[in-house]
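Quick look at start34.cif (mmCIF, C-alpha atoms and all ligand atoms):
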```cif
data_my_file
#
loop_
_atom_site.label_atom_id
_atom_site.label_comp_id
_atom_site.auth_asym_id
_atom_site.auth_seq_id
_atom_site.Cartn_x
_atom_site.Cartn_y
_atom_site.Cartn_z
CA MET A 1 0.00 0.00 0.00
CA ASN A 2 1.36 3.37 -1.04
CA PHE A 3 0.49 6.38 1.12
CA GLU A 4 2.43 8.81 -1.10
CA LEU A 5 0.64 11.10 -3.54
CA ASP A 6 2.11 10.93 -7.04
CA SER A 7 4.08 13.85 -8.46
CA ASN A 8 1.06 15.34 -10.29
CA GLN A 9 -1.11 15.14 -7.20
CA LYS A 10 1.63 16.80 -5.13
CA LEU A 11 1.89 19.57 -7.70
CA ILE A 12 -1.87 20.13 -7.60
CA GLN A 13 -1.80 20.20 -3.81
CA GLU A 14 0.98 22.79 -3.75
CA MET A 15 -0.55 24.93 -6.46
CA VAL A 16 -4.05 24.95 -4.94
CA ARG A 17 -2.69 25.53 -1.43
CA GLU A 18 -0.83 28.59 -2.63
CA PHE A 19 -3.88 29.84 -4.56
CA ALA A 20 -6.13 29.33 -1.53
CA VAL A 21 -3.82 31.31 0.75
CA LYS A 22 -3.38 34.16 -1.73
CA GLU A 23 -6.83 34.44 -3.26
CA LEU A 24 -9.45 32.63 -1.20
CA GLU A 25 -8.54 33.23 2.44
CA PRO A 26 -8.46 37.04 2.11
CA THR A 27 -12.02 37.18 0.70
CA ALA A 28 -13.59 34.43 2.80
CA VAL A 29 -14.71 36.74 5.63
CA GLU A 30 -16.12 39.32 3.27
CA ILE A 31 -18.22 36.88 1.23
CA ASP A 32 -19.44 35.15 4.38
CA GLN A 33 -20.84 38.51 5.48
CA SER A 34 -22.06 39.84 2.12
CA ARG A 35 -23.20 36.42 0.78
CA GLU A 36 -21.72 37.50 -2.56
CA PHE A 37 -21.15 34.57 -4.90
CA PRO A 38 -17.36 34.48 -5.54
CA TRP A 39 -17.45 34.78 -9.35
CA LYS A 40 -14.06 36.53 -9.49
CA ASN A 41 -12.33 33.63 -7.79
CA ILE A 42 -14.31 31.11 -9.83
CA ARG A 43 -13.00 32.73 -13.04
CA LYS A 44 -9.46 32.52 -11.69
CA MET A 45 -9.95 28.86 -10.75
CA ALA A 46 -11.36 28.14 -14.22
CA GLU A 47 -8.15 29.59 -15.71
CA LEU A 48 -6.15 27.22 -13.51
CA GLY A 49 -8.28 24.29 -14.68
CA LEU A 50 -9.85 23.75 -11.25
CA MET A 51 -13.49 23.91 -12.36
CA GLY A 52 -13.34 20.90 -14.66
CA MET A 53 -10.55 18.73 -13.31
CA ILE A 54 -12.36 15.41 -13.80
CA VAL A 55 -13.95 16.37 -17.12
CA PRO A 56 -12.21 14.50 -19.97
CA ASP A 57 -9.78 16.70 -21.95
CA GLU A 58 -11.77 16.19 -25.18
CA TYR A 59 -14.55 18.20 -23.47
CA GLY A 60 -12.28 20.94 -22.24
CA GLY A 61 -11.46 19.53 -18.81
CA GLY A 62 -8.29 18.29 -17.15
CA GLY A 63 -8.98 14.55 -17.47
CA MET A 64 -7.68 14.08 -13.94
CA ASP A 65 -8.45 11.48 -11.33
CA PHE A 66 -10.90 11.82 -8.44
CA LEU A 67 -8.12 11.81 -5.86
CA SER A 68 -6.69 14.95 -7.45
CA LEU A 69 -10.10 16.58 -7.25
CA ALA A 70 -10.46 15.60 -3.58
CA ILE A 71 -7.03 17.08 -2.83
CA ALA A 72 -8.00 20.31 -4.59
CA VAL A 73 -11.38 20.56 -2.81
CA GLU A 74 -9.61 20.03 0.54
CA GLU A 75 -7.14 22.85 -0.13
CA ILE A 76 -9.81 25.20 -1.53
CA SER A 77 -12.00 24.56 1.53
CA HIS A 78 -9.05 25.24 3.81
CA GLY A 79 -9.06 28.76 2.35
CA CYS A 80 -12.82 29.20 1.89
CA ALA A 81 -15.43 26.55 2.61
CA SER A 82 -18.13 28.22 0.47
CA THR A 83 -15.83 28.12 -2.54
CA GLY A 84 -14.98 24.48 -1.80
CA VAL A 85 -18.56 23.30 -2.18
CA ILE A 86 -19.19 25.49 -5.24
CA VAL A 87 -16.25 23.78 -6.98
CA ALA A 88 -17.38 20.31 -5.88
CA VAL A 89 -21.00 20.80 -6.98
CA ASN A 90 -19.93 22.06 -10.40
CA GLN A 91 -17.90 18.92 -10.96
CA THR A 92 -19.17 15.89 -9.07
CA LEU A 93 -22.84 16.84 -8.91
CA THR A 94 -23.26 18.39 -12.37
CA ALA A 95 -20.50 17.51 -14.83
CA TYR A 96 -20.07 13.98 -13.47
CA PRO A 97 -23.63 12.68 -14.08
CA ILE A 98 -23.44 14.11 -17.62
CA MET A 99 -20.07 12.35 -18.13
CA GLN A 100 -21.52 9.15 -16.78
CA PHE A 101 -25.05 9.07 -18.20
CA GLY A 102 -25.17 11.78 -20.90
CA THR A 103 -25.43 11.31 -24.67
CA ASP A 104 -22.57 12.47 -26.90
CA SER A 105 -24.43 15.63 -27.81
CA GLN A 106 -25.22 16.42 -24.15
CA LYS A 107 -21.54 15.97 -23.31
CA LYS A 108 -20.45 18.21 -26.19
CA LYS A 109 -22.97 20.87 -25.30
CA TYR A 110 -22.61 21.05 -21.52
CA LEU A 111 -19.25 19.72 -20.35
CA PRO A 112 -16.99 22.39 -21.91
CA VAL A 113 -19.25 25.13 -20.52
CA LEU A 114 -19.07 23.66 -17.02
CA ALA A 115 -15.33 22.94 -17.18
CA GLY A 116 -14.63 26.51 -18.25
CA ALA A 117 -17.19 27.85 -15.73
CA GLN A 118 -18.86 29.95 -18.44
CA LYS A 119 -21.90 28.60 -16.66
CA ILE A 120 -21.87 26.95 -13.32
CA GLY A 121 -23.80 23.80 -12.40
CA ALA A 122 -26.26 22.80 -9.69
CA PHE A 123 -27.99 19.61 -8.57
CA ALA A 124 -31.70 19.76 -7.81
CA LEU A 125 -32.84 16.67 -5.92
CA THR A 126 -33.96 17.89 -2.49
CA GLU A 127 -37.47 19.22 -1.88
CA GLY A 128 -39.13 20.86 1.11
CA SER A 129 -40.51 17.52 2.25
CA ALA A 130 -38.08 15.15 0.53
CA GLY A 131 -34.51 15.45 1.82
CA SER A 132 -33.32 12.17 3.36
CA ASP A 133 -35.98 10.35 1.34
CA PRO A 134 -35.62 11.75 -2.17
CA ALA A 135 -37.84 9.00 -3.61
CA GLY A 136 -40.71 10.88 -1.95
CA MET A 137 -40.27 13.91 -4.21
CA GLU A 138 -43.31 15.69 -5.59
CA THR A 139 -41.95 17.49 -8.66
CA THR A 140 -43.40 15.92 -11.80
CA ALA A 141 -42.39 15.71 -15.45
CA LYS A 142 -44.91 14.85 -18.17
CA LEU A 143 -44.02 14.22 -21.78
CA ASP A 144 -45.88 16.52 -24.15
CA GLY A 145 -44.72 16.15 -27.75
CA ASP A 146 -41.05 17.09 -27.94
CA HIS A 147 -40.88 18.46 -24.42
CA TYR A 148 -41.19 17.33 -20.84
CA ILE A 149 -43.27 19.70 -18.73
CA LEU A 150 -41.88 20.07 -15.20
CA ASN A 151 -43.94 21.26 -12.24
CA GLY A 152 -42.87 21.59 -8.63
CA SER A 153 -40.09 23.10 -6.57
CA LYS A 154 -36.70 22.22 -5.07
CA ARG A 155 -35.04 23.54 -1.92
CA PHE A 156 -31.56 24.07 -0.49
CA ILE A 157 -29.92 24.14 -3.91
CA THR A 158 -26.23 25.02 -3.65
CA ASN A 159 -25.15 27.35 -6.53
CA GLY A 160 -28.86 27.67 -7.43
CA GLU A 161 -29.02 31.45 -7.76
CA GLU A 162 -26.01 31.67 -10.05
CA ALA A 163 -26.09 28.38 -11.96
CA GLY A 164 -26.91 28.12 -15.65
CA ILE A 165 -27.13 24.32 -15.88
CA PHE A 166 -29.15 22.16 -13.47
CA ILE A 167 -29.49 18.42 -13.03
CA VAL A 168 -33.15 18.16 -12.00
CA PHE A 169 -35.01 15.10 -10.78
CA ALA A 170 -38.75 14.64 -11.25
CA VAL A 171 -41.39 11.94 -11.13
CA THR A 172 -42.38 10.65 -14.57
CA ASP A 173 -44.41 7.71 -13.27
CA ARG A 174 -45.76 7.89 -9.72
CA GLU A 175 -46.91 4.23 -9.76
CA LYS A 176 -43.34 3.00 -10.06
CA ALA A 177 -42.04 4.76 -6.90
CA HIS A 178 -38.24 5.25 -7.14
CA LYS A 179 -38.24 3.53 -10.55
CA GLY A 180 -40.54 6.28 -11.82
CA ILE A 181 -38.05 9.12 -11.23
CA SER A 182 -36.16 10.65 -14.17
CA ALA A 183 -33.28 13.10 -14.48
CA PHE A 184 -33.15 16.15 -16.75
CA ILE A 185 -30.61 18.75 -17.79
CA VAL A 186 -32.35 22.07 -17.34
CA GLU A 187 -31.02 25.43 -18.48
CA LYS A 188 -31.81 28.59 -16.56
CA GLU A 189 -33.35 30.13 -19.69
CA PHE A 190 -35.94 27.39 -20.21
CA PRO A 191 -39.46 28.87 -20.00
CA GLY A 192 -41.18 28.16 -16.70
CA PHE A 193 -37.97 27.96 -14.68
CA ALA A 194 -37.43 30.46 -11.86
CA VAL A 195 -35.11 30.99 -8.94
CA GLY A 196 -37.10 31.23 -5.70
CA GLN A 197 -36.25 32.53 -2.25
CA HIS A 198 -32.66 32.74 -1.04
CA GLU A 199 -31.88 30.33 1.80
CA ASP A 200 -30.39 32.43 4.60
CA LEU A 201 -27.93 29.81 5.86
CA MET A 202 -25.97 29.57 9.11
CA GLY A 203 -22.74 28.90 7.22
CA LEU A 204 -21.50 28.46 3.65
CA ARG A 205 -23.26 31.74 3.10
CA ALA A 206 -21.77 32.65 -0.29
CA THR A 207 -23.04 29.59 -2.13
CA GLY A 208 -26.14 31.10 -3.78
CA ASN A 209 -28.29 28.55 -1.99
CA CYS A 210 -31.95 28.92 -2.94
CA GLU A 211 -35.27 27.44 -3.86
CA LEU A 212 -36.01 26.60 -7.51
CA MET A 213 -39.47 26.72 -9.08
CA PHE A 214 -40.79 24.85 -12.10
CA ASP A 215 -44.07 26.17 -13.44
CA ASP A 216 -44.90 24.29 -16.64
CA CYS A 217 -41.17 24.43 -17.32
CA ARG A 218 -40.51 23.19 -20.86
CA VAL A 219 -37.51 20.91 -21.14
CA PRO A 220 -36.64 19.53 -24.60
CA LYS A 221 -36.99 15.75 -24.82
CA GLU A 222 -33.30 15.43 -25.72
CA ASN A 223 -32.44 16.84 -22.28
CA LEU A 224 -33.60 13.70 -20.52
CA LEU A 225 -30.45 12.40 -18.79
CA GLY A 226 -30.12 8.63 -19.10
CA GLU A 227 -33.36 6.77 -19.56
CA GLU A 228 -36.81 7.51 -18.23
CA GLY A 229 -37.06 5.90 -14.77
CA GLN A 230 -33.28 5.83 -14.26
CA GLY A 231 -33.23 9.05 -12.25
CA PHE A 232 -33.02 7.58 -8.75
CA LYS A 233 -30.00 5.47 -9.66
CA ILE A 234 -28.38 8.44 -11.38
CA ALA A 235 -28.93 10.46 -8.20
CA MET A 236 -27.52 7.76 -5.92
CA ASN A 237 -24.51 7.09 -8.12
CA THR A 238 -23.80 10.80 -8.39
CA ILE A 239 -24.11 11.34 -4.65
CA ASP A 240 -21.74 8.43 -3.96
CA THR A 241 -19.13 10.30 -5.97
CA SER A 242 -19.90 13.65 -4.50
CA ARG A 243 -19.79 12.45 -0.89
CA ILE A 244 -16.06 11.91 -1.36
CA ASP A 245 -15.64 15.62 -2.04
CA ILE A 246 -17.84 16.68 0.86
CA GLY A 247 -15.50 14.54 2.97
CA ALA A 248 -12.59 16.43 1.41
CA GLN A 249 -14.29 19.75 2.13
CA ALA A 250 -14.78 18.74 5.78
CA VAL A 251 -11.11 17.74 6.07
CA GLY A 252 -10.07 21.10 4.62
CA ILE A 253 -12.14 23.09 7.13
CA ALA A 254 -10.99 20.88 10.01
CA GLN A 255 -7.33 21.33 9.05
CA ALA A 256 -7.84 25.10 8.85
CA ALA A 257 -9.31 25.00 12.37
CA LEU A 258 -6.37 22.96 13.68
CA ASP A 259 -3.81 25.24 12.01
CA ALA A 260 -5.49 28.28 13.53
CA ALA A 261 -5.69 26.65 16.98
CA VAL A 262 -2.00 25.66 16.92
CA LYS A 263 -0.94 29.18 15.94
CA TYR A 264 -3.15 30.85 18.52
CA SER A 265 -2.09 28.48 21.29
CA LYS A 266 1.52 29.57 20.79
CA GLU A 267 0.63 33.28 20.93
CA ARG A 268 -1.93 33.39 23.71
CA LYS A 269 -0.55 33.47 27.23
CA THR A 270 -2.33 32.65 30.50
CA PHE A 271 -0.78 32.38 33.95
CA GLY A 272 2.50 33.59 32.47
CA LYS A 273 3.04 31.10 29.67
CA PRO A 274 1.70 30.25 26.20
CA ILE A 275 -1.38 28.06 26.45
CA CYS A 276 0.20 25.44 24.13
CA GLU A 277 2.36 24.47 27.12
CA TYR A 278 -0.68 23.20 29.01
CA GLN A 279 -1.41 19.52 28.54
CA MET A 280 -5.16 20.11 28.32
CA ILE A 281 -4.55 22.23 25.22
CA GLN A 282 -2.09 19.69 23.84
CA ASP A 283 -4.70 16.97 24.34
CA LYS A 284 -7.13 18.94 22.17
CA LEU A 285 -4.57 19.55 19.42
CA ALA A 286 -3.45 15.92 19.37
CA GLU A 287 -7.02 14.61 19.28
CA MET A 288 -7.90 17.00 16.45
CA ALA A 289 -4.82 15.98 14.45
CA CYS A 290 -5.56 12.24 14.82
CA ARG A 291 -9.21 12.56 13.83
CA ILE A 292 -8.39 14.78 10.84
CA ASP A 293 -5.70 12.41 9.58
CA ALA A 294 -7.98 9.39 9.94
CA ALA A 295 -10.72 11.22 8.03
CA ARG A 296 -8.30 12.29 5.31
CA LEU A 297 -7.15 8.70 4.84
CA LEU A 298 -10.77 7.55 4.44
CA VAL A 299 -11.44 10.32 1.91
CA TYR A 300 -8.31 9.44 -0.08
CA ARG A 301 -9.19 5.75 0.08
CA ALA A 302 -12.70 6.37 -1.27
CA ALA A 303 -11.26 8.47 -4.11
CA ALA A 304 -8.63 5.80 -4.85
CA VAL A 305 -11.30 3.09 -4.96
CA LYS A 306 -13.30 5.23 -7.39
CA ASP A 307 -10.18 5.83 -9.49
CA ALA A 308 -9.45 2.09 -9.56
CA GLY A 309 -12.69 1.65 -11.51
CA VAL A 310 -14.64 -0.25 -8.84
CA SER A 311 -18.29 0.07 -9.85
CA ARG A 312 -19.84 0.50 -6.36
CA TYR A 313 -17.98 2.57 -3.77
CA THR A 314 -21.11 3.48 -1.81
CA LYS A 315 -19.76 2.21 1.51
CA GLU A 316 -16.31 3.80 1.14
CA ALA A 317 -17.86 7.15 0.20
CA ALA A 318 -20.36 7.02 3.09
CA MET A 319 -17.62 6.14 5.60
CA ALA A 320 -15.41 8.95 4.32
CA LYS A 321 -18.21 11.50 4.39
CA TYR A 322 -19.44 10.42 7.83
CA MET A 323 -16.06 10.33 9.56
CA ALA A 324 -14.83 13.53 7.92
CA SER A 325 -17.91 15.53 8.87
CA GLU A 326 -17.74 14.28 12.47
CA ALA A 327 -13.98 15.01 12.63
CA CYS A 328 -14.67 18.45 11.24
CA MET A 329 -17.35 19.30 13.79
CA TYR A 330 -15.08 18.03 16.57
CA ALA A 331 -12.13 20.06 15.32
CA VAL A 332 -14.02 23.33 14.97
CA ARG A 333 -15.63 22.94 18.39
CA GLU A 334 -12.25 22.35 20.01
CA ALA A 335 -10.65 25.17 18.02
CA VAL A 336 -13.27 27.60 19.37
CA GLN A 337 -12.51 26.27 22.85
CA VAL A 338 -8.77 26.89 22.41
CA TYR A 339 -9.57 30.48 21.41
CA GLY A 340 -11.87 30.87 24.42
CA GLY A 341 -13.98 34.06 24.38
CA TYR A 342 -12.24 35.29 21.21
CA GLY A 343 -13.35 32.14 19.41
CA TYR A 344 -16.94 33.21 19.98
CA THR A 345 -16.42 36.49 18.12
CA LYS A 346 -16.24 37.32 14.45
CA ASP A 347 -12.72 38.69 15.00
CA TYR A 348 -11.23 35.25 14.42
CA PRO A 349 -11.94 32.72 11.67
CA VAL A 350 -12.84 29.80 13.95
CA GLU A 351 -16.31 31.26 14.50
CA ARG A 352 -16.93 31.01 10.71
CA PHE A 353 -15.40 27.53 10.58
CA PHE A 354 -17.84 26.49 13.30
CA ARG A 355 -20.83 27.77 11.30
CA ASP A 356 -19.55 26.38 7.99
CA SER A 357 -19.04 22.93 9.49
CA LYS A 358 -22.45 21.99 10.82
CA VAL A 359 -23.91 21.32 7.39
CA MET A 360 -21.22 18.69 6.71
CA GLU A 361 -23.27 16.45 9.00
CA ILE A 362 -26.46 17.32 7.13
CA TYR A 363 -26.10 17.80 3.39
CA GLU A 364 -25.34 15.08 0.84
CA GLY A 365 -27.01 12.74 3.32
CA THR A 366 -27.06 13.31 7.08
CA SER A 367 -24.68 11.38 9.34
CA GLU A 368 -27.65 9.17 10.21
CA ILE A 369 -28.21 8.38 6.50
CA GLN A 370 -24.50 7.55 6.09
CA LYS A 371 -24.79 5.06 8.95
CA ILE A 372 -27.84 3.47 7.32
CA VAL A 373 -25.89 3.11 4.07
CA ILE A 374 -22.86 1.65 5.91
CA ALA A 375 -25.01 -0.74 7.96
CA ARG A 376 -26.85 -1.94 4.84
CA SER A 377 -23.50 -2.85 3.31
CA LEU A 378 -22.76 -5.02 6.35
CA LEU A 379 -26.10 -6.79 6.58
N1 LIG A 401 -25.85 3.46 -6.35
C1 LIG A 401 -26.64 2.85 -7.29
N2 LIG A 401 -27.88 2.39 -7.00
C2 LIG A 401 -28.32 2.56 -5.74
C3 LIG A 401 -27.57 3.17 -4.74
C4 LIG A 401 -26.27 3.63 -5.08
N3 LIG A 401 -25.51 4.22 -4.18
N4 LIG A 401 -28.27 3.19 -3.59
C5 LIG A 401 -29.44 2.60 -3.85
N5 LIG A 401 -29.47 2.21 -5.16
C6 LIG A 401 -30.53 1.50 -5.83
C7 LIG A 401 -30.88 0.19 -5.11
O1 LIG A 401 -30.06 -0.87 -5.57
C8 LIG A 401 -32.33 -0.01 -5.49
O2 LIG A 401 -32.37 -0.52 -6.80
P1 LIG A 401 -33.47 -1.60 -7.27
O3 LIG A 401 -34.80 -0.94 -7.14
O4 LIG A 401 -33.10 -1.92 -8.66
O5 LIG A 401 -33.33 -2.75 -6.31
C9 LIG A 401 -32.86 1.42 -5.55
O6 LIG A 401 -31.73 2.28 -5.77
C10 LIG A 401 -33.57 1.85 -4.28
O7 LIG A 401 -32.66 1.65 -3.21
P2 LIG A 401 -33.09 1.72 -1.69
O8 LIG A 401 -34.31 0.85 -1.50
O9 LIG A 401 -31.89 1.46 -0.87
O10 LIG A 401 -33.55 3.23 -1.58
P3 LIG A 401 -34.13 4.03 -0.35
O11 LIG A 401 -35.31 4.80 -0.81
O12 LIG A 401 -34.27 3.14 0.84
O13 LIG A 401 -32.99 5.15 -0.07
C11 LIG A 401 -31.04 6.07 0.89
C12 LIG A 401 -31.72 4.86 0.23
C13 LIG A 401 -29.62 5.64 1.10
C14 LIG A 401 -31.65 6.43 2.23
C15 LIG A 401 -31.10 7.27 -0.06
O14 LIG A 401 -32.40 7.73 -0.19
C16 LIG A 401 -30.21 8.41 0.35
O15 LIG A 401 -29.01 8.39 0.13
N6 LIG A 401 -30.81 9.50 0.95
C17 LIG A 401 -30.07 10.73 1.20
C18 LIG A 401 -30.26 11.69 0.07
C19 LIG A 401 -29.12 12.65 -0.08
O16 LIG A 401 -27.97 12.32 0.15
N7 LIG A 401 -29.43 13.84 -0.55
C20 LIG A 401 -28.43 14.81 -0.83
C21 LIG A 401 -28.96 15.83 -1.77
S1 LIG A 401 -27.72 16.63 -2.70
C22 LIG A 401 -27.00 17.75 -1.71
O17 LIG A 401 -27.13 17.76 -0.52
C23 LIG A 401 -26.07 18.66 -2.44
C24 LIG A 401 -25.63 19.87 -1.72
O18 LIG A 401 -26.34 20.55 -1.05
C25 LIG A 401 -24.24 20.25 -1.89
#
```

Rewrite the structure from the file as C-alpha cells, please.
Amino acid sequence: MNFELDSNQKLIQEMVREFAVKELEPTAVEIDQSREFPWKNIRKMAELGLMGMIVPDEYGGGGMDFLSLAIAVEEISHGCASTGVIVAVNQTLTAYPIMQFGTDSQKKKYLPVLAGAQKIGAFALTEGSAGSDPAGMETTAKLDGDHYILNGSKRFITNGEEAGIFIVFAVTDREKAHKGISAFIVEKEFPGFAVGQHEDLMGLRATGNCELMFDDCRVPKENLLGEEGQGFKIAMNTIDTSRIDIGAQAVGIAQAALDAAVKYSKERKTFGKPICEYQMIQDKLAEMACRIDAARLLVYRAAAVKDAGVSRYTKEAAMAKYMASEACMYAVREAVQVYGGYGYTKDYPVERFFRDSKVMEIYEGTSEIQKIVIARSLL
C-alpha cells in the first residue's frame, strides 16, 4: 500500500494551497458577510483548470483522477469553505452525471461550458418535504410532444441562484415509486424555470443557496439524462461520488481550524506562559490531528477506490463523508474552545469555521443516513 501522492497530485496540492492562501482566504470573511457569490475567484480557478478537473480533456477539462479533485477541494475549503462546495458541486454533482449518463451531444454541449465555468452547475434533488428520502419527491415531469413539462419546486440548492445548468429530478411515473423518477438537464433560460427565495444559511453563506421553481417548465426531450425511470439510480450514483468531495471539504475546514488553533495556542498566554504548554490544550490539538488524519485517509481511500474503476464505492464514500464531517465538527468545536472568548467572536476565523461545518453532518445525506448506508453494506 502506497500512502504517497504521485508527483502530479503533489503539484496540484501545492498549487491549490498557494492559490487558496493568496486568493481565497483574504475574501472568505467578506463573502461570508455579504453572501456574494465568488465569481471573481471562480474565473481565476477556471483559468487554472480547477473547475473541470475530472472532465475529460476532449470536453475541455483536465482529465484528472478523483483523488486529485479531492485534494484540490480540501485545499480550496481550507481557504474558503463556500468556494470548496461550489467547486465540488460544479464537478461531481453536475458535470459527473453528464459524463456518466449523458449522450454524446449532451456531453459536447454542456461539459466544456461547465469545465470553463462559463456557466456553473447545480444539482436539484432535495425538496421541502423530501430530503433524506428523495424517492418521496413531488416534482413531476410529463411528456408533451417534444418536451417534458416540469412542475414543482426544489429547496436548499447550492449554486442555485447563479447556476446556468441544473441536473433536475422529477417523477415521470408515480406508480413505479423510485423507478418512476427521471433526471433532466435544465437550463436557466428554459421557459417556466425560476429561482425562488434565497436560503439564509448559518454557514457556507456565499453559495447562492436557494429554492427553484418549475411552473410548466418546458424541457426539450433530448435533455432527458439517461433513460426515463433511471433518475433515482443516477442520483444515488452521483451522490456516492460527490460524498467523497464533501468529505474532502470537511477535512479542509478541520485542518484550517487545527492550524489556527496551533498558531493561537503559541501566541496566547495565560498564567504567564503560552497556552500550548498546558497539557489540556495539547490533548485537544493531538485529538484533532488524529481525527483529521484518519478522516483524510478515508477520503483518499474512497477516491482511490473510485479511481481504480470499482463500480460501487457506496460504503467507502459514506464512511469517508461520515467520519470527515464528524472530525470536522469536533475540530471546529475544540478550536473555538482553544480560542476561548475570542473564538466566539467574528474577530477570528474559527467562528466562521464552526458555522460552515455543521452542514457537513447534514447535506449530501445526514450522518444518520451515512450510517444506514454503511449498515446496509454489512447486513
Ligand atoms: N448506487 C446505485 N444504485 C443505488 C444506490 C447507489 N448508491 N443506492 C441505492 N441504489 C438503488 C438500489 O439498488 C435499489 O435498486 P433496485 O430498485 O433496482 O433494487 C434502488 O436504488 C432503491 O434503493 P433503496 O431501497 O436502498 O432506496 P431508499 O429509498 O431506501 O434510499 C437512501 C436509500 C440511502 C436512504 C437514499 O435515499 C439516500 O441516500 N438518501 C439521502 C439523500 C441525499 O444524500 N441527498 C443529498 C442531496 S444533494 C446535496 O445535498 C447537495 C448539496 O447541497 C451540496

Hey, could you make a per-residue contact list for chain A against ligand LIG 401 (chain A) with 6 Å as the cut-off, showing the nearest pair of atoms and its distance in Å to one decimal, counting all atoms listed in the file, sorted by chain and number, as a tab-separated table?
```
residue	atom	partner	partner_atom	distance
A:Leu125	CA	A:LIG401	C21	5.7
A:Thr126	CA	A:LIG401	C21	5.5
A:Gly131	CA	A:LIG401	N7	5.8
A:Ser132	CA	A:LIG401	C17	4.2
A:Asp133	CA	A:LIG401	O14	4.7
A:Pro134	CA	A:LIG401	O14	5.5
A:Ala135	CA	A:LIG401	O11	5.6
A:Ile157	CA	A:LIG401	O18	5.8
A:Thr158	CA	A:LIG401	O18	5.2
A:Lys233	CA	A:LIG401	N2	4.6
A:Met236	CA	A:LIG401	C4	4.4
A:Asn237	CA	A:LIG401	N1	4.3
A:Asp240	CA	A:LIG401	N3	5.7
A:Thr314	CA	A:LIG401	N3	5.1
A:Tyr363	CA	A:LIG401	O17	4.0
A:Glu364	CA	A:LIG401	O17	3.5
A:Gly365	CA	A:LIG401	O16	3.3
A:Ile369	CA	A:LIG401	C14	5.8
A:Val373	CA	A:LIG401	C13	5.4
```

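For the residues A:Gly309, A:Pro97, A:Gly61, A:Pro112, ranking by smallest atom-to-atom distance to A:Phe166 using only C-alpha atoms places A:Pro97 first.
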
Practice prompt. Tell me which protein, DNA and RNA residues are within 10 Å of A:Pro220, counting all atoms listed in the file, leaving out same-chain ones fewer than 5 positions away, and put them as a PyMOL selection string.
Written response: chain A and resi 143-149+184-186+190

Find the residues of stretch 183-285 of chain A that sit at most 9 Å from stretch 341-362 of chain A; for each, write down the nearest two atoms and how far apart they are in Å, to one decimal. Count all atoms listed in the file. Sort by chain, then by number going up, and give it as JSON lines.
```
{"residue": "A:Met202", "atom": "CA", "partner": "A:Arg355", "partner_atom": "CA", "distance": 5.9}
{"residue": "A:Gly203", "atom": "CA", "partner": "A:Asp356", "partner_atom": "CA", "distance": 4.1}
{"residue": "A:Leu204", "atom": "CA", "partner": "A:Asp356", "partner_atom": "CA", "distance": 5.2}
{"residue": "A:Arg205", "atom": "CA", "partner": "A:Asp356", "partner_atom": "CA", "distance": 8.1}
{"residue": "A:Ile246", "atom": "CA", "partner": "A:Met360", "partner_atom": "CA", "distance": 7.0}
{"residue": "A:Gly247", "atom": "CA", "partner": "A:Met360", "partner_atom": "CA", "distance": 8.0}
{"residue": "A:Gln249", "atom": "CA", "partner": "A:Met360", "partner_atom": "CA", "distance": 8.4}
{"residue": "A:Ala250", "atom": "CA", "partner": "A:Met360", "partner_atom": "CA", "distance": 6.5}
{"residue": "A:Ile253", "atom": "CA", "partner": "A:Phe353", "partner_atom": "CA", "distance": 6.5}
{"residue": "A:Ala254", "atom": "CA", "partner": "A:Phe353", "partner_atom": "CA", "distance": 8.0}
{"residue": "A:Ala256", "atom": "CA", "partner": "A:Phe353", "partner_atom": "CA", "distance": 8.1}
{"residue": "A:Ala257", "atom": "CA", "partner": "A:Val350", "partner_atom": "CA", "distance": 6.2}
{"residue": "A:Ala260", "atom": "CA", "partner": "A:Val350", "partner_atom": "CA", "distance": 7.5}
{"residue": "A:Ala261", "atom": "CA", "partner": "A:Val350", "partner_atom": "CA", "distance": 8.4}
```

Discussion item. Neighbouring residues of A:Lys179 were defined as those with any atom within 7 Å, considering all atoms listed in the file; residues of the same chain fewer than 3 positions away were excluded. Please report them as number ranges by chain.
Written reply: A: 176, 229-230, 232

Excluding stretch 275-287 of chain A and residues on its chain fewer than 4 positions from it, collect all residues at most 9 Å away from it, counting only C-alpha atoms, and give them as a tab-separated table (two decimals) with C-alpha atoms, keeping the file's coordinate frame.
```tsv
chain	number	residue	atom	x	y	z
A	258	LEU	CA	-6.37	22.96	13.68
A	261	ALA	CA	-5.69	26.65	16.98
A	262	VAL	CA	-2.00	25.66	16.92
A	264	TYR	CA	-3.15	30.85	18.52
A	265	SER	CA	-2.09	28.48	21.29
A	266	LYS	CA	1.52	29.57	20.79
A	267	GLU	CA	0.63	33.28	20.93
A	268	ARG	CA	-1.93	33.39	23.71
A	269	LYS	CA	-0.55	33.47	27.23
A	270	THR	CA	-2.33	32.65	30.50
A	271	PHE	CA	-0.78	32.38	33.95
A	291	ARG	CA	-9.21	12.56	13.83
A	292	ILE	CA	-8.39	14.78	10.84
A	331	ALA	CA	-12.13	20.06	15.32
A	334	GLU	CA	-12.25	22.35	20.01
A	335	ALA	CA	-10.65	25.17	18.02
A	338	VAL	CA	-8.77	26.89	22.41
```

Worksheet entry | Nearest to A:Glu211, chosen from A:Arg376, A:Lys371, A:Lys154, A:Lys263, with only C-alpha atoms counted in the distances |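 Once distances to A:Glu211 are computed over only C-alpha atoms, the minimum belongs to A:Lys154.
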
Worksheet entry | Nearest residue to A:Phe19 from the set A:Glu368, A:Asp173, A:Glu58, A:Glu75 (distances using all atoms listed in the file) |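 Residue with the minimum atom-to-atom distance to A:Phe19: A:Glu75.
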
Item to complete: Would you kindly return, as a PyMOL selection string, each protein, DNA or RNA residue with an atom no farther than 9 Å from any atom of A:Leu212, considering all atoms listed in the file and excluding same-chain residues fewer than 3 positions away?
Response: chain A and resi 124+152-157+160-161+193-197

Surrounding residues of A:Lys107 excluding itself and chain neighbours under 6 positions, 8 Å, all atoms listed in the file, as a short mmCIF file (atom, residue, chain, number, x, y, z; two decimals) with C-alpha atoms, in the frame of the given file:
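The resulting file, selection_16.cif, is shown below:
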```cif
data_model
loop_
_atom_site.label_atom_id
_atom_site.label_comp_id
_atom_site.auth_asym_id
_atom_site.auth_seq_id
_atom_site.Cartn_x
_atom_site.Cartn_y
_atom_site.Cartn_z
CA TYR A 59 -14.55 18.20 -23.47
CA ILE A 98 -23.44 14.11 -17.62
CA MET A 99 -20.07 12.35 -18.13
#
```
